[in-house]
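Data block for protein36.cif (mmCIF, C-alpha atoms):
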```
data_coords
loop_
_atom_site.label_atom_id
_atom_site.label_comp_id
_atom_site.auth_asym_id
_atom_site.auth_seq_id
_atom_site.Cartn_x
_atom_site.Cartn_y
_atom_site.Cartn_z
CA MET A 56 -94.14 67.17 -41.38
CA SER A 57 -96.48 64.26 -41.91
CA ALA A 58 -98.97 64.75 -39.08
CA TYR A 59 -99.53 67.09 -36.20
CA LEU A 60 -101.06 66.07 -32.88
CA ASP A 61 -103.48 68.30 -31.04
CA THR A 62 -103.10 68.85 -27.31
CA HIS A 63 -105.53 66.19 -26.11
CA VAL A 64 -104.00 63.53 -28.33
CA THR A 65 -100.58 64.53 -27.02
CA LEU A 66 -101.80 64.09 -23.44
CA TRP A 67 -103.46 60.75 -24.15
CA LEU A 68 -100.30 59.41 -25.76
CA TYR A 69 -98.18 60.62 -22.85
CA SER A 70 -100.46 59.08 -20.23
CA GLY A 71 -100.82 55.80 -22.09
CA GLN A 72 -104.51 56.29 -22.77
CA THR A 73 -104.18 55.00 -26.31
CA GLU A 74 -107.60 53.34 -26.07
CA ARG A 75 -109.05 56.85 -26.36
CA LEU A 76 -107.60 57.14 -29.87
CA SER A 77 -109.51 56.02 -32.91
CA LYS A 78 -108.07 53.18 -34.96
CA ARG A 79 -107.42 55.58 -37.84
CA ALA A 80 -105.58 58.00 -35.54
CA THR A 81 -103.51 55.18 -34.03
CA ASN A 82 -102.56 53.88 -37.47
CA LEU A 83 -101.49 57.34 -38.63
CA ILE A 84 -99.39 57.92 -35.51
CA ASN A 85 -97.72 54.53 -35.90
CA ARG A 86 -96.80 54.98 -39.55
CA GLU A 87 -96.02 58.71 -39.92
CA ARG A 88 -93.61 61.18 -38.47
CA VAL A 89 -95.56 63.15 -35.87
CA GLY A 90 -95.07 66.56 -34.40
CA VAL A 91 -96.73 69.30 -32.42
CA SER A 92 -96.95 73.03 -32.74
CA PRO A 93 -95.16 74.93 -29.95
CA VAL A 94 -98.66 76.19 -29.14
CA VAL A 95 -99.35 72.73 -27.67
CA LEU A 96 -96.70 73.43 -25.02
CA LEU A 97 -98.49 76.66 -24.09
CA GLU A 98 -101.87 74.93 -23.93
CA LEU A 99 -100.37 72.18 -21.76
CA GLN A 100 -99.07 74.87 -19.41
CA TYR A 101 -102.50 76.49 -19.34
CA LEU A 102 -104.06 73.12 -18.46
CA ARG A 103 -101.44 72.69 -15.73
CA GLU A 104 -102.21 76.12 -14.30
CA ILE A 105 -105.93 75.34 -14.05
CA GLY A 106 -105.23 71.96 -12.45
CA ARG A 107 -106.11 69.60 -15.31
CA VAL A 108 -102.49 68.51 -15.86
CA THR A 109 -99.90 67.95 -13.15
CA VAL A 110 -96.78 67.35 -15.26
CA VAL A 111 -94.75 70.20 -16.70
CA PRO A 112 -95.18 70.51 -20.48
CA ARG A 113 -91.49 70.04 -21.26
CA ALA A 114 -91.50 66.65 -19.49
CA ILE A 115 -94.47 65.51 -21.57
CA ILE A 116 -92.82 66.58 -24.81
CA MET A 117 -89.43 65.07 -23.88
CA ASP A 118 -91.08 61.75 -23.05
CA LEU A 119 -92.89 61.64 -26.40
CA LYS A 120 -89.73 62.66 -28.24
CA GLN A 121 -88.00 59.62 -26.78
CA ARG A 122 -90.89 57.19 -27.23
CA LEU A 123 -92.36 58.35 -30.55
CA GLY A 124 -89.73 60.54 -32.13
CA LEU A 125 -92.11 63.48 -31.66
CA ALA A 126 -90.88 66.80 -33.07
CA VAL A 127 -91.80 70.29 -31.95
CA GLU A 128 -92.24 72.03 -35.28
CA ASP A 129 -90.97 75.57 -35.13
CA ARG A 130 -92.57 77.83 -37.72
CA SER A 131 -92.48 81.57 -38.13
CA LEU A 132 -94.82 83.05 -35.55
CA GLU A 133 -95.75 85.76 -38.02
CA MET A 134 -96.73 83.18 -40.65
CA VAL A 135 -98.80 81.19 -38.15
CA MET A 136 -100.55 84.35 -36.98
CA GLU A 137 -101.27 85.46 -40.53
CA ARG A 138 -102.85 82.09 -41.27
CA ALA A 139 -104.79 82.14 -37.98
CA LEU A 140 -106.35 85.47 -38.89
CA GLY A 141 -108.38 83.66 -41.53
CA ILE A 142 -109.74 81.03 -39.14
CA ALA A 143 -113.02 82.46 -37.91
CA TRP A 144 -114.93 79.27 -37.09
CA THR A 145 -113.63 79.04 -33.51
CA ARG A 146 -112.94 81.39 -30.64
CA ASP A 147 -110.45 78.96 -29.08
CA VAL A 148 -107.10 80.64 -29.67
CA PHE A 149 -105.16 77.41 -29.16
CA ASP A 150 -107.22 75.60 -31.79
CA ARG A 151 -106.84 78.49 -34.21
CA LEU A 152 -103.06 78.48 -33.90
CA ILE A 153 -102.66 74.70 -33.99
CA VAL A 154 -104.83 74.44 -37.11
CA ALA A 155 -103.10 77.44 -38.69
CA GLN A 156 -99.72 75.79 -38.30
CA ALA A 157 -100.97 72.49 -39.69
CA THR A 158 -102.29 74.32 -42.75
CA LEU A 159 -98.90 75.94 -43.32
CA ASP A 160 -97.43 72.46 -43.71
CA ASP A 161 -100.50 71.09 -45.49
CA ALA A 162 -100.37 68.43 -42.77
CA GLU A 163 -102.88 66.10 -41.27
CA LEU A 164 -103.93 66.97 -37.73
CA VAL A 165 -104.84 64.15 -35.36
CA THR A 166 -107.71 65.45 -33.25
CA SER A 167 -110.88 64.29 -31.58
CA ASP A 168 -112.26 67.84 -31.66
CA ARG A 169 -115.48 67.80 -33.69
CA LEU A 170 -115.32 71.47 -34.62
CA ILE A 171 -111.82 71.14 -36.00
CA ARG A 172 -112.81 68.00 -37.88
CA LYS A 173 -115.79 69.82 -39.37
CA HIS A 174 -113.70 72.74 -40.65
CA TYR A 175 -110.21 71.38 -41.33
CA PRO A 176 -110.29 68.91 -44.23
CA LYS A 177 -107.05 67.23 -43.17
CA ALA A 178 -108.21 66.52 -39.62
CA VAL A 179 -107.96 62.83 -38.79
CA TRP A 180 -109.88 60.90 -36.21
#
```

Starting from the coordinates I provided, produce the structure as structure tokens.
Amino acid sequence: MSAYLDTHVTLWLYSGQTERLSKRATNLINRERVGVSPVVLLELQYLREIGRVTVVPRAIIMDLKQRLGLAVEDRSLEMVMERALGIAWTRDVFDRLIVAQATLDDAELVTSDRLIRKHYPKAVW
């Protein structure tokens, strides 16, 4: 895996809001293989349930698979959880799991989240 996308970046790419991405993030997405943790699907569903997203998560992911070659990176849930146990700088469970999975692959993570960028050295924005 070259780079992971966080949930907001995934949504912005799906909805065509590429102007929200930094130039560095856009360049990385255009030149590297990109993927998401399965946790992104769960967070997308959560956002749908609270009314922030209207499209079903699978449709978002399928669209980005076709347009960008996006991959859903399946890792051992136990390994992701073990890594997440050591992430104490956030209470956001989605962020903990997404970052934990990126660390397992020693991958860059495209995110606008300031807290993630402060604590994850391979965060890109």

Nearest to A:Gln100, chosen from A:Leu119, A:Ile84, A:Leu66, A:Val165, with all atoms listed in the file counted in the distances: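 With all atoms listed in the file as the atom set, the closest residue is A:Leu66.
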
Who sits within 6 Å of stretch 123-132 of chain A, all atoms listed in the file, same chain under 6 positions skipped, as a short mmCIF file (atom, residue, chain, number, x, y, z; two decimals) with C-alpha atoms, in the coordinates of the input:
```
data_model
loop_
_atom_site.label_atom_id
_atom_site.label_comp_id
_atom_site.auth_asym_id
_atom_site.auth_seq_id
_atom_site.Cartn_x
_atom_site.Cartn_y
_atom_site.Cartn_z
CA VAL A 89 -95.56 63.15 -35.87
CA GLY A 90 -95.07 66.56 -34.40
CA VAL A 91 -96.73 69.30 -32.42
CA SER A 92 -96.95 73.03 -32.74
#
```

Contacts of A:Trp144 at 10 Å (all atoms listed in the file; same-chain gap of 4+ positions) as a PyMOL selection string: chain A and resi 151+170-171+173-174

Atomic distance atom CA of A:Arg107 - atom CA of A:Arg169, expressed in Å with one decimal: 20.7 Å

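By chain and then residue number, the residues within 12 Å of A:Glu98 are A:Asp61, A:Thr62, A:His63, A:Thr65, A:Leu66, A:Val91, A:Ser92, A:Pro93, A:Arg103, A:Glu104, A:Ile105, A:Arg107, A:Val108, A:Val111, A:Pro112, A:Arg113, A:Asp147, A:Val148, A:Phe149, A:Asp150, A:Arg151, A:Leu152, A:Ile153, counting only C-alpha atoms and disregarding those fewer than 5 positions away in sequence.
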
Point (-99.0, 77.8, -38.0) neighbourhood (7 Å, all atoms listed in the file) written as a list in words: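 The residues that fall inside the cut-off are Arg130, Met134, Val135, Met136, Arg138, Leu152, Ile153, Val154, Ala155, Gln156, Ala157, Thr158 and Leu159 of chain A.
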
Residue nearest A:Gln121 - candidates A:Leu60, A:Ser77, A:Tyr69, A:Gly106, atoms counted: all atoms listed in the file: A:Tyr69

Straight-line distance linking atom CA of A:Asn82 with atom CA of A:Ser57, stated in Å to one decimal: 12.8 Å

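Here atom CA of A:Met117 and atom CA of A:Ala139 stand 26.9 Å from one another.
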
What box, with edges along x, y and z, holds each listed atom of stretch 90-95 of chain A when 5 Å is added on every side, and can you state its centre and edge lengths in Å to one decimal, as lines of an AutoDock Vina configuration file?
```
center_x = -97.2
center_y = 71.4
center_z = -31.0
size_x = 14.3
size_y = 19.6
size_z = 16.7
```
